[in-house]
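J.: So I've got this file, work16.csv, and it contains CSV, C-alpha atoms and all ligand atoms:
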chain,number,residue,atom,x,y,z
A,1,MET,CA,42.0,149.1,-38.2
A,2,ILE,CA,44.5,150.5,-35.6
A,3,HIS,CA,46.6,153.5,-36.7
A,4,LYS,CA,49.9,152.6,-35.1
A,5,ILE,CA,52.4,155.2,-33.9
A,6,PRO,CA,55.9,154.6,-32.6
A,7,ARG,CA,55.9,153.9,-28.9
A,8,SER,CA,57.5,156.5,-26.7
A,9,SER,CA,59.2,155.5,-23.5
A,10,GLY,CA,56.5,155.9,-20.8
A,11,TYR,CA,56.2,155.0,-17.2
A,12,PRO,CA,54.3,151.9,-16.3
A,13,SER,CA,50.7,152.9,-16.5
A,14,PRO,CA,47.3,151.3,-17.0
A,15,ARG,CA,45.9,150.5,-20.4
A,16,ILE,CA,43.3,153.2,-21.2
A,17,THR,CA,40.6,153.0,-23.8
A,18,ILE,CA,38.3,155.9,-24.6
A,19,ALA,CA,35.4,154.6,-26.6
A,20,GLY,CA,33.6,157.6,-28.1
A,21,CYS,CA,36.1,160.4,-28.4
A,22,GLY,CA,33.9,163.4,-29.0
A,23,VAL,CA,33.9,166.7,-26.9
A,24,LEU,CA,34.3,165.0,-23.5
A,25,GLY,CA,36.4,162.0,-24.6
A,26,LYS,CA,38.8,164.4,-26.2
A,27,GLY,CA,38.8,166.5,-23.1
A,28,ILE,CA,39.8,163.5,-21.0
A,29,ALA,CA,42.5,162.4,-23.4
A,30,THR,CA,43.9,165.9,-23.6
A,31,GLY,CA,43.8,166.3,-19.8
A,32,LEU,CA,45.3,162.9,-19.1
A,33,LEU,CA,48.2,163.5,-21.5
A,34,ALA,CA,48.9,166.9,-20.0
A,35,SER,CA,48.6,165.6,-16.4
A,36,PRO,CA,51.6,164.7,-14.2
A,37,LEU,CA,50.6,161.0,-14.3
A,38,ASN,CA,53.1,160.4,-17.1
A,39,LEU,CA,50.9,157.8,-18.7
A,40,ASP,CA,52.4,155.7,-21.4
A,41,PRO,CA,50.7,157.0,-24.7
A,42,SER,CA,51.2,153.6,-26.4
A,43,LYS,CA,48.7,152.2,-23.9
A,44,ILE,CA,46.0,154.7,-24.7
A,45,THR,CA,43.5,154.0,-27.5
A,46,LEU,CA,40.7,156.3,-28.8
A,47,THR,CA,37.7,154.9,-30.7
A,48,VAL,CA,35.1,156.7,-32.8
A,49,ARG,CA,32.7,155.8,-35.6
A,50,ARG,CA,33.6,157.9,-38.6
A,51,GLU,CA,36.9,157.7,-40.5
A,52,GLN,CA,36.9,161.4,-41.0
A,53,HIS,CA,36.8,161.9,-37.2
A,54,ALA,CA,39.5,159.3,-36.7
A,55,HIS,CA,41.7,161.2,-39.3
A,56,CYS,CA,41.3,164.4,-37.2
A,57,LEU,CA,42.1,162.6,-34.0
A,58,ARG,CA,45.3,161.1,-35.5
A,59,GLU,CA,46.5,164.6,-36.3
A,60,GLU,CA,45.6,165.9,-32.9
A,61,PHE,CA,46.9,162.9,-30.9
A,62,PRO,CA,49.9,161.6,-32.9
A,63,GLY,CA,51.1,159.4,-30.0
A,64,LEU,CA,47.9,157.4,-29.5
A,65,ALA,CA,46.3,154.5,-31.3
A,66,ILE,CA,43.0,155.5,-33.0
A,67,THR,CA,40.5,152.9,-34.2
A,68,LEU,CA,37.0,152.7,-35.6
A,69,ASP,CA,36.6,149.2,-34.1
A,70,ASN,CA,35.8,148.7,-30.4
A,71,GLY,CA,36.8,145.1,-30.9
A,72,ASP,CA,40.1,145.8,-32.6
A,73,PRO,CA,42.5,143.0,-31.4
A,74,ALA,CA,45.3,145.4,-30.8
A,75,LEU,CA,43.1,147.3,-28.4
A,76,TRP,CA,42.5,144.1,-26.4
A,77,GLN,CA,46.0,142.6,-26.5
A,78,GLY,CA,46.9,143.9,-23.1
A,79,GLY,CA,43.8,142.3,-21.5
A,80,VAL,CA,44.4,138.9,-23.2
A,81,THR,CA,48.1,138.7,-22.3
A,82,GLY,CA,47.4,140.1,-18.8
A,83,ASP,CA,48.1,143.7,-17.9
A,84,GLU,CA,49.5,144.3,-14.5
A,85,GLU,CA,48.4,147.9,-14.2
A,86,GLY,CA,44.9,147.0,-15.3
A,87,HIS,CA,42.7,148.2,-18.2
A,88,PHE,CA,40.3,151.1,-17.8
A,89,LEU,CA,37.6,151.4,-20.6
A,90,PHE,CA,35.8,154.7,-20.7
A,91,ILE,CA,32.6,154.8,-22.6
A,92,VAL,CA,32.0,158.4,-23.6
A,93,THR,CA,29.3,158.2,-26.3
A,94,LYS,CA,25.9,159.7,-26.2
A,95,PRO,CA,23.7,157.5,-23.9
A,96,GLN,CA,21.8,155.9,-26.9
A,97,HIS,CA,25.1,154.4,-28.2
A,98,VAL,CA,26.3,152.9,-24.9
A,99,GLN,CA,24.6,149.6,-25.4
A,100,LEU,CA,26.2,149.2,-28.9
A,101,VAL,CA,29.7,149.8,-27.5
A,102,CYS,CA,28.9,147.2,-24.7
A,103,ALA,CA,27.9,144.7,-27.4
A,104,ASP,CA,31.2,145.4,-29.3
A,105,VAL,CA,33.4,144.8,-26.3
A,106,TYR,CA,31.4,142.0,-24.7
A,107,PRO,CA,33.3,139.0,-26.2
A,108,HIS,CA,36.6,140.7,-25.6
A,109,ILE,CA,35.8,141.3,-21.9
A,110,ARG,CA,34.6,137.7,-21.6
A,111,ALA,CA,37.9,136.5,-23.1
A,112,SER,CA,40.1,138.7,-20.8
A,113,PRO,CA,41.6,136.9,-17.8
A,114,THR,CA,41.0,140.1,-15.8
A,115,PRO,CA,38.0,142.2,-17.0
A,116,PRO,CA,38.7,145.9,-17.5
A,117,VAL,CA,37.0,148.4,-15.3
A,118,VAL,CA,34.3,149.9,-17.5
A,119,ILE,CA,33.6,153.6,-16.7
A,120,THR,CA,30.6,155.4,-18.2
A,121,LEU,CA,30.2,159.1,-18.4
A,122,CYS,CA,26.6,159.1,-19.5
A,123,PRO,CA,23.8,160.4,-17.4
A,124,GLY,CA,20.8,158.1,-17.0
A,125,ILE,CA,22.4,154.8,-17.9
A,126,THR,CA,22.3,152.7,-14.7
A,127,ILE,CA,24.6,150.2,-13.2
A,128,ALA,CA,21.8,147.6,-13.6
A,129,GLN,CA,21.5,148.3,-17.3
A,130,LEU,CA,25.3,148.1,-17.8
A,131,GLN,CA,25.4,144.8,-15.8
A,132,GLU,CA,22.8,143.4,-18.3
A,133,TRP,CA,24.9,144.6,-21.3
A,134,LEU,CA,28.3,143.5,-20.1
A,135,PRO,CA,29.7,140.0,-19.0
A,136,THR,CA,28.9,139.0,-15.4
A,137,GLY,CA,31.7,140.1,-13.1
A,138,THR,CA,32.7,143.3,-15.0
A,139,PRO,CA,33.6,146.0,-12.5
A,140,ILE,CA,31.6,149.2,-13.5
A,141,VAL,CA,31.9,152.8,-12.4
A,142,ARG,CA,29.5,155.5,-13.4
A,143,SER,CA,31.2,158.9,-13.5
A,144,MET,CA,30.3,162.5,-14.3
A,145,PRO,CA,33.1,164.9,-15.0
A,146,ASN,CA,32.8,168.2,-16.9
A,147,THR,CA,34.6,169.8,-19.8
A,148,PRO,CA,37.3,171.7,-17.7
A,149,VAL,CA,39.0,168.3,-17.5
A,150,MET,CA,40.5,169.5,-20.8
A,151,VAL,CA,42.7,171.9,-18.8
A,152,CYS,CA,43.0,169.6,-15.8
A,153,GLN,CA,40.5,171.7,-13.8
A,154,GLY,CA,37.4,169.4,-13.9
A,155,ALA,CA,34.9,168.5,-11.2
A,156,THR,CA,33.9,164.8,-11.1
A,157,GLY,CA,31.4,162.5,-9.4
A,158,LEU,CA,31.9,158.7,-9.2
A,159,PHE,CA,29.6,155.9,-8.3
A,160,PRO,CA,31.3,152.4,-8.3
A,161,SER,CA,29.5,149.1,-8.5
A,162,PRO,CA,30.3,146.6,-5.7
A,163,LEU,CA,32.6,144.6,-7.9
A,164,VAL,CA,35.1,147.5,-8.2
A,165,THR,CA,38.0,146.7,-5.9
A,166,PRO,CA,39.4,149.5,-3.6
A,167,CYS,CA,42.7,149.3,-5.6
A,168,GLN,CA,40.8,149.8,-8.9
A,169,LEU,CA,38.8,152.7,-7.4
A,170,ASP,CA,42.0,154.2,-6.1
A,171,THR,CA,43.7,154.0,-9.5
A,172,LEU,CA,40.7,155.5,-11.2
A,173,THR,CA,40.3,158.2,-8.6
A,174,ARG,CA,43.9,159.2,-9.0
A,175,MET,CA,43.4,159.3,-12.8
A,176,PHE,CA,40.4,161.6,-12.4
A,177,GLU,CA,42.2,163.7,-9.8
A,178,ALA,CA,44.9,164.4,-12.3
A,179,ILE,CA,42.4,166.2,-14.6
A,180,SER,CA,39.9,167.2,-12.0
A,181,PRO,CA,40.9,168.7,-8.7
A,182,SER,CA,37.5,167.9,-7.2
A,183,VAL,CA,36.6,164.2,-7.3
A,184,VAL,CA,33.7,162.9,-5.1
A,185,THR,CA,32.6,159.3,-4.6
A,186,LEU,CA,28.8,159.3,-4.2
A,187,ALA,CA,26.8,157.2,-1.7
A,188,HIS,CA,23.7,156.7,-3.9
A,189,GLU,CA,23.6,156.1,-7.7
A,190,ASP,CA,20.9,158.6,-8.5
A,191,GLN,CA,23.1,161.4,-7.1
A,192,LEU,CA,25.2,160.9,-10.2
A,193,ASN,CA,22.3,162.3,-12.2
A,194,VAL,CA,22.2,165.3,-9.9
A,195,VAL,CA,25.9,165.8,-10.3
A,196,ALA,CA,25.3,165.8,-14.1
A,197,ALA,CA,22.7,168.5,-13.8
A,198,ILE,CA,24.8,170.6,-11.5
A,199,SER,CA,28.6,170.4,-12.2
A,200,GLY,CA,28.3,168.5,-15.5
A,201,SER,CA,26.4,171.4,-16.9
A,202,ALA,CA,27.9,174.1,-14.8
A,203,PRO,CA,30.3,175.5,-17.4
A,204,ALA,CA,27.3,176.3,-19.6
A,205,TYR,CA,25.7,178.3,-16.8
A,206,PHE,CA,28.9,180.2,-16.1
A,207,TYR,CA,29.6,180.9,-19.8
A,208,ARG,CA,26.0,182.1,-20.2
A,209,LEU,CA,26.3,184.5,-17.2
A,210,MET,CA,29.7,185.7,-18.4
A,211,ASP,CA,28.4,186.2,-21.9
A,212,SER,CA,25.5,188.3,-20.6
A,213,MET,CA,27.8,190.4,-18.5
A,214,VAL,CA,30.3,190.9,-21.3
A,215,ALA,CA,27.5,191.8,-23.8
A,216,THR,CA,26.0,194.3,-21.3
A,217,GLY,CA,29.5,195.8,-20.6
A,218,MET,CA,29.9,196.2,-24.4
A,219,SER,CA,26.5,197.8,-24.8
A,220,LEU,CA,27.6,200.3,-22.1
A,221,GLY,CA,30.7,201.2,-23.9
A,222,LEU,CA,33.5,198.8,-23.0
A,223,PRO,CA,35.5,197.1,-25.7
A,224,GLU,CA,34.7,193.3,-25.9
A,225,SER,CA,38.3,192.1,-25.1
A,226,LEU,CA,38.5,194.3,-22.1
A,227,ALA,CA,35.0,193.2,-20.8
A,228,ARG,CA,35.8,189.6,-21.4
A,229,ASP,CA,39.1,189.8,-19.6
A,230,LEU,CA,37.6,191.4,-16.6
A,231,ILE,CA,34.7,189.0,-16.3
A,232,THR,CA,36.8,185.9,-16.9
A,233,GLN,CA,39.3,186.9,-14.2
A,234,SER,CA,36.4,187.7,-11.8
A,235,CYS,CA,34.9,184.3,-12.5
A,236,ILE,CA,38.2,182.4,-11.9
A,237,GLU,CA,39.0,184.3,-8.7
A,238,SER,CA,35.5,184.2,-7.2
A,239,GLY,CA,35.7,180.4,-7.5
A,240,ALA,CA,39.2,180.2,-6.2
A,241,PHE,CA,38.3,182.4,-3.2
A,242,ALA,CA,35.2,180.3,-2.4
A,243,ARG,CA,37.3,177.1,-2.5
A,244,GLU,CA,39.9,178.6,-0.1
A,245,ILE,CA,37.4,179.4,2.6
A,246,PRO,CA,34.8,176.6,2.6
A,247,SER,CA,33.7,177.5,6.1
A,248,VAL,CA,32.2,180.7,4.9
A,249,SER,CA,28.8,180.3,3.2
A,250,LEU,CA,28.3,181.3,-0.4
A,251,ALA,CA,25.5,183.6,0.8
A,252,GLN,CA,28.0,185.3,3.1
A,253,LEU,CA,30.5,185.7,0.3
A,254,ARG,CA,27.8,187.3,-1.8
A,255,ASN,CA,26.7,189.6,1.0
A,256,ASP,CA,30.3,190.7,1.5
A,257,VAL,CA,30.2,192.2,-1.9
A,258,CYS,CA,26.9,193.9,-1.3
A,259,VAL,CA,27.4,197.1,0.8
A,260,PRO,CA,23.9,197.8,2.3
A,261,GLY,CA,22.1,200.2,0.0
A,262,GLY,CA,25.0,200.0,-2.5
A,263,SER,CA,25.0,199.3,-6.2
A,264,THR,CA,25.7,195.6,-6.1
A,265,GLU,CA,22.8,195.1,-3.6
A,266,LYS,CA,20.5,196.9,-6.0
A,267,ALA,CA,21.7,194.6,-8.8
A,268,MET,CA,21.0,191.5,-6.7
A,269,ASN,CA,17.5,192.8,-5.8
A,270,VAL,CA,16.8,193.2,-9.5
A,271,LEU,CA,17.9,189.6,-10.2
A,272,ASP,CA,15.7,188.4,-7.2
A,273,ALA,CA,12.7,190.3,-8.6
A,274,HIS,CA,13.2,188.5,-11.9
A,275,GLY,CA,13.1,185.1,-10.1
A,276,TRP,CA,16.9,184.4,-10.3
A,277,HIS,CA,16.9,181.5,-7.8
A,278,ARG,CA,13.7,180.0,-9.1
A,279,GLY,CA,15.0,180.1,-12.7
A,280,VAL,CA,18.2,178.3,-11.7
A,281,LYS,CA,16.3,175.7,-9.7
A,282,GLU,CA,13.9,175.1,-12.5
A,283,ALA,CA,16.7,174.8,-15.0
A,284,ILE,CA,18.6,172.3,-12.9
A,285,THR,CA,15.4,170.3,-12.3
A,286,ALA,CA,14.7,170.2,-16.0
A,287,SER,CA,18.2,169.0,-16.6
A,288,LEU,CA,17.9,166.3,-13.9
A,289,THR,CA,14.6,165.0,-15.4
A,290,ALA,CA,16.2,164.8,-18.8
A,291,ASN,CA,19.3,163.0,-17.4
A,292,ARG,CA,17.1,160.4,-15.7
A,293,SER,CA,14.9,159.9,-18.8
A,294,MET,CA,17.9,159.3,-21.0
A,295,GLY,CA,18.4,155.9,-19.3
A,296,GLN,CA,14.6,155.2,-19.5
A,297,LYS,CA,14.6,155.9,-23.3
A,298,VAL,CA,17.4,153.5,-23.8
A,299,LYS,CA,15.5,150.9,-21.7
A,300,GLY,CA,12.6,151.4,-24.0
A,301,GLY,CA,14.9,150.6,-27.0
A,302,SER,CA,14.7,154.1,-28.6
B,401,LIG,N1,30.1,167.7,-23.3
B,401,LIG,C1,29.9,167.8,-21.9
B,401,LIG,O1,30.1,168.9,-21.4
B,401,LIG,C2,29.6,166.6,-21.1
B,401,LIG,C3,29.7,166.8,-19.7
B,401,LIG,C4,29.4,165.7,-18.9
B,401,LIG,C5,29.0,164.5,-19.5
B,401,LIG,N2,28.8,164.4,-20.8
B,401,LIG,C6,28.4,163.1,-21.4
B,401,LIG,O2,29.4,162.5,-22.1
B,401,LIG,C7,28.9,161.8,-23.2
B,401,LIG,C8,29.5,162.3,-24.5
B,401,LIG,O3,29.2,163.6,-24.7
B,401,LIG,P1,30.0,164.5,-25.8
B,401,LIG,O4,29.5,165.9,-25.6
B,401,LIG,O5,31.4,164.2,-25.7
B,401,LIG,O6,29.3,163.8,-27.1
B,401,LIG,P2,29.9,163.9,-28.6
B,401,LIG,O7,30.8,165.0,-28.8
B,401,LIG,O8,28.8,163.6,-29.5
B,401,LIG,O9,30.9,162.6,-28.7
B,401,LIG,C9,30.4,161.3,-28.7
B,401,LIG,C10,31.3,160.5,-29.6
B,401,LIG,O10,31.0,159.1,-29.5
B,401,LIG,C11,31.4,158.5,-30.8
B,401,LIG,N3,30.6,157.3,-30.9
B,401,LIG,C12,29.3,157.1,-31.1
B,401,LIG,N4,29.0,155.8,-31.2
B,401,LIG,C13,30.2,155.1,-31.1
B,401,LIG,C14,30.6,153.7,-31.1
B,401,LIG,N5,29.7,152.8,-31.3
B,401,LIG,N6,31.9,153.4,-30.9
B,401,LIG,C15,32.8,154.4,-30.8
B,401,LIG,N7,32.5,155.7,-30.8
B,401,LIG,C16,31.2,156.1,-30.9
B,401,LIG,C17,31.1,159.5,-31.8
B,401,LIG,O11,32.0,159.3,-32.9
B,401,LIG,P3,31.8,160.0,-34.3
B,401,LIG,O12,32.1,161.5,-34.1
B,401,LIG,O13,32.8,159.3,-35.2
B,401,LIG,O14,30.4,159.7,-34.8
B,401,LIG,C18,31.4,160.9,-31.1
B,401,LIG,O15,32.6,161.4,-31.4
B,401,LIG,C19,27.4,162.0,-23.2
B,401,LIG,O16,26.8,160.9,-22.6
B,401,LIG,C20,27.2,163.2,-22.4
B,401,LIG,O17,26.0,163.3,-21.7
B,401,LIG,C21,29.1,165.4,-21.7
Rewrite the structure from the file as structure tokens, please.
T.:
Amino acid sequence: MIHKIPRSSGYPSPRITIAGCGVLGKGIATGLLASPLNLDPSKITLTVRREQHAHCLREEFPGLAITLDNGDPALWQGGVTGDEEGHFLFIVTKPQHVQLVCADVYPHIRASPTPPVVITLCPGITIAQLQEWLPTGTPIVRSMPNTPVMVCQGATGLFPSPLVTPCQLDTLTRMFEAISPSVVTLAHEDQLNVVAAISGSAPAYFYRLMDSMVATGMSLGLPESLARDLITQSCIESGAFAREIPSVSLAQLRNDVCVPGGSTEKAMNVLDAHGWHRGVKEAITASLTANRSMGQKVKGGS
């Protein structure tokens, strides 16, 4: 059942469905609504499984349609009557639920005069699998953003199938750019799994480092709020500075902070002695292996 909310006057914009509106789906919805794209909220639908979750979403997103049914006719009415700006269907469930969502939407895509562009945000699920689960001719894009999309500061990788037209890819890229200043289109599909292991997970690495630095600052006598403020600002500005001068290597930027024989150099030496680089590399490799195997598990029917 669709929970209908009065339409607000919006600019012409594509129909957007976010199937699986958990942490990341909500981040995308929040970011898109806050973005300068001026999307028409009456053309955005969020789907989830549990009524209790739908209830929370209705309170959080009072301008959007929320449904428990991926085949809800109201969700598909734009596709059936024809939708000039197109329909973009984001599948943002855990990988093991993607096939179920595809089964739900299959008959509706088949009945649409113009199939929607289906975008997945799930590591491991391949274009070949999605082509099996969706009607022939469905344009598919695999994508991998990260949670900063919630504040329009994400980083996103895209890999389109050959059926995605340049116009569709352009519309989708602009949508992602509105919530993600960095959007890259990848040359090879498996690079998407690497992107998932690097930037998809990156916020967790940064928060972990920040947490360790704040905790150590506190153990050395700084109040928590002060330590957190200093570390958060340092993190933001280190990234902003690196982005401003891409011609300078990250190693050089790090060395610039390390006066020879000084305290920061001593700190870096301790991290190196603890296998800092090896630890990060092994962590990313473990994440990549897990990302690839998610698709394999689904293939095996688990
Ligand atoms: N979180 C991140 O930082 C991040 C970053 C990059 C990529 N990803 C990827 O994004 C995907 C989602 O991650 P997440 O962290 O957002 O997961 P999540 O919080 O568990 O959200 C998944 C949502 O999917 C809904 N769902 C499950 N089956 C459904 C169905 N058949 N129809 C409609 N909705 C359904 C669930 O609804 P109910 O709550 O009602 O059960 C849940 O809210 C994953 O594949 C993940 O790997 C996540």
J.: Ligand LIG 401 (chain B): which residues are within 6 Å, counting all atoms listed in the file, as a PyMOL selection string?
T.: chain A and resi 19-25+47-50+53+92-95+97+100-101+121-123+144-147+200
J.: Find the spatial neighbours of Thr165 of chain A, counting only C-alpha atoms, within a cut-off of 10 Å - ignore same-chain residues fewer than 5 positions away - and output them as an MDAnalysis selection string.
T.: chainID A and resid 117 139 160 170:171
J.: Residues proximal to (42.7, 162.7, -31.3) were defined as those with any atom within 12 Å of that point in the file's coordinates, counting all atoms listed in the file. Which are they, as a ChimeraX atom specification?
T.: /A:3,18-30,33,41,44-48,51-67
J.: Once you have the residues from the selection above, write them out as an mmCIF file, in the frame of the given file, restricted to C-alpha atoms.
T.:
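So selection-v2.cif came out as:
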data_model
loop_
_atom_site.group_PDB
_atom_site.id
_atom_site.type_symbol
_atom_site.label_atom_id
_atom_site.label_comp_id
_atom_site.auth_asym_id
_atom_site.auth_seq_id
_atom_site.Cartn_x
_atom_site.Cartn_y
_atom_site.Cartn_z
ATOM 1 C CA HIS A 3 46.600 153.500 -36.700
ATOM 2 C CA ILE A 18 38.300 155.900 -24.600
ATOM 3 C CA ALA A 19 35.400 154.600 -26.600
ATOM 4 C CA GLY A 20 33.600 157.600 -28.100
ATOM 5 C CA CYS A 21 36.100 160.400 -28.400
ATOM 6 C CA GLY A 22 33.900 163.400 -29.000
ATOM 7 C CA VAL A 23 33.900 166.700 -26.900
ATOM 8 C CA LEU A 24 34.300 165.000 -23.500
ATOM 9 C CA GLY A 25 36.400 162.000 -24.600
ATOM 10 C CA LYS A 26 38.800 164.400 -26.200
ATOM 11 C CA GLY A 27 38.800 166.500 -23.100
ATOM 12 C CA ILE A 28 39.800 163.500 -21.000
ATOM 13 C CA ALA A 29 42.500 162.400 -23.400
ATOM 14 C CA THR A 30 43.900 165.900 -23.600
ATOM 15 C CA LEU A 33 48.200 163.500 -21.500
ATOM 16 C CA PRO A 41 50.700 157.000 -24.700
ATOM 17 C CA ILE A 44 46.000 154.700 -24.700
ATOM 18 C CA THR A 45 43.500 154.000 -27.500
ATOM 19 C CA LEU A 46 40.700 156.300 -28.800
ATOM 20 C CA THR A 47 37.700 154.900 -30.700
ATOM 21 C CA VAL A 48 35.100 156.700 -32.800
ATOM 22 C CA GLU A 51 36.900 157.700 -40.500
ATOM 23 C CA GLN A 52 36.900 161.400 -41.000
ATOM 24 C CA HIS A 53 36.800 161.900 -37.200
ATOM 25 C CA ALA A 54 39.500 159.300 -36.700
ATOM 26 C CA HIS A 55 41.700 161.200 -39.300
ATOM 27 C CA CYS A 56 41.300 164.400 -37.200
ATOM 28 C CA LEU A 57 42.100 162.600 -34.000
ATOM 29 C CA ARG A 58 45.300 161.100 -35.500
ATOM 30 C CA GLU A 59 46.500 164.600 -36.300
ATOM 31 C CA GLU A 60 45.600 165.900 -32.900
ATOM 32 C CA PHE A 61 46.900 162.900 -30.900
ATOM 33 C CA PRO A 62 49.900 161.600 -32.900
ATOM 34 C CA GLY A 63 51.100 159.400 -30.000
ATOM 35 C CA LEU A 64 47.900 157.400 -29.500
ATOM 36 C CA ALA A 65 46.300 154.500 -31.300
ATOM 37 C CA ILE A 66 43.000 155.500 -33.000
ATOM 38 C CA THR A 67 40.500 152.900 -34.200
#
J.: Would you pick out the contacts of Tyr207 of chain A at 12 Å or less, using all atoms listed in the file, so that residues sharing its chain but fewer than 4 positions from it are not included, and give the list as a ChimeraX atom specification?
T.: /A:201-203,211-215,228,231-232,235-236
J.: Extract, using only C-alpha atoms, all DNA, RNA and protein residues at most 9 Å from Asn255 of chain A, discarding same-chain residues fewer than 5 positions from it, and format them as a VMD selection string.
T.: chain A and resid 250 260 265
J.: List every protein, DNA or RNA residue that has at least one atom no more than 7 Å from (39.1, 167.1, -9.0) in the file's coordinates, counting all atoms listed in the file, and write the result as a list of chain:residue names.
T.: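 In the file's frame, the residues around the point are A:Gln153, A:Gly154, A:Ala155, A:Thr156, A:Phe176, A:Glu177, A:Ile179, A:Ser180, A:Pro181, A:Ser182, A:Val183.
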J.: Here is a test: counting all atoms listed in the file, which residue of A:Asp229, A:Asp272, A:Asp40, A:Asp69 is nearest to Asp104 of chain A?
T.: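 Of the candidates, the smallest distance to Asp104 of chain A is held by A:Asp69.
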J.: Pick out the closest residue to Leu253 of chain A from this set: A:Asn193, A:Ser238, A:Thr289, A:Asn38. Count all atoms listed in the file.
T.: A:Ser238
J.: Let me make sure I understand: among A:Ala128, A:Val105, A:Pro148, A:Gln168, which one has the smallest atom-to-atom distance to Gly86 of chain A if we use only C-alpha atoms?
T.: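 Residue with the minimum atom-to-atom distance to Gly86 of chain A: A:Gln168.
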J.: For atom CA of Val141 of chain A and atom CA of Phe88 of chain A, determine how far apart the two atoms are, in Å to one decimal place.
T.: 10.1 Å
J.: Which residue gives the smallest distance to Pro36 of chain A among A:Val257, A:Ala178, A:Val151, A:Met218, with only C-alpha atoms counted?
T.: A:Ala178
J.: For atom CA of Arg15 of chain A and atom CA of Thr120 of chain A, quote the distance in Å rounded to one decimal.
T.: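 Spanning atom CA of Arg15 of chain A to atom CA of Thr120 of chain A is a straight-line distance of 16.2 Å.
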J.: For segment 237-248 of chain A, which lacks atoms in the input, supply N, CA and C atoms and format the output as a short mmCIF file (atom, residue, chain, number, x, y, z; two decimals), keeping the file's coordinate frame.
T.:
data_model
loop_
_atom_site.label_atom_id
_atom_site.label_comp_id
_atom_site.auth_asym_id
_atom_site.auth_seq_id
_atom_site.Cartn_x
_atom_site.Cartn_y
_atom_site.Cartn_z
N GLU A 237 38.61 183.98 -10.08
CA GLU A 237 39.00 184.30 -8.70
C GLU A 237 37.87 184.17 -7.72
N SER A 238 36.62 184.38 -8.15
CA SER A 238 35.50 184.20 -7.20
C SER A 238 35.46 182.69 -6.83
N GLY A 239 35.66 181.80 -7.80
CA GLY A 239 35.70 180.40 -7.50
C GLY A 239 36.85 179.99 -6.62
N ALA A 240 38.02 180.53 -6.95
CA ALA A 240 39.20 180.20 -6.20
C ALA A 240 39.08 180.65 -4.73
N PHE A 241 38.50 181.84 -4.55
CA PHE A 241 38.30 182.40 -3.20
C PHE A 241 37.34 181.52 -2.41
N ALA A 242 36.22 181.15 -3.03
CA ALA A 242 35.20 180.30 -2.40
C ALA A 242 35.83 178.98 -1.96
N ARG A 243 36.71 178.44 -2.80
CA ARG A 243 37.30 177.10 -2.50
C ARG A 243 38.31 177.28 -1.31
N GLU A 244 38.97 178.44 -1.20
CA GLU A 244 39.90 178.60 -0.10
C GLU A 244 39.31 178.72 1.25
N ILE A 245 38.07 179.20 1.30
CA ILE A 245 37.40 179.40 2.60
C ILE A 245 36.07 178.67 2.64
N PRO A 246 36.11 177.31 2.64
CA PRO A 246 34.80 176.60 2.60
C PRO A 246 33.96 176.78 3.79
N SER A 247 34.54 177.27 4.90
CA SER A 247 33.70 177.50 6.10
C SER A 247 32.80 178.67 5.98
N VAL A 248 33.08 179.55 5.04
CA VAL A 248 32.20 180.70 4.90
C VAL A 248 31.16 180.40 3.81
#
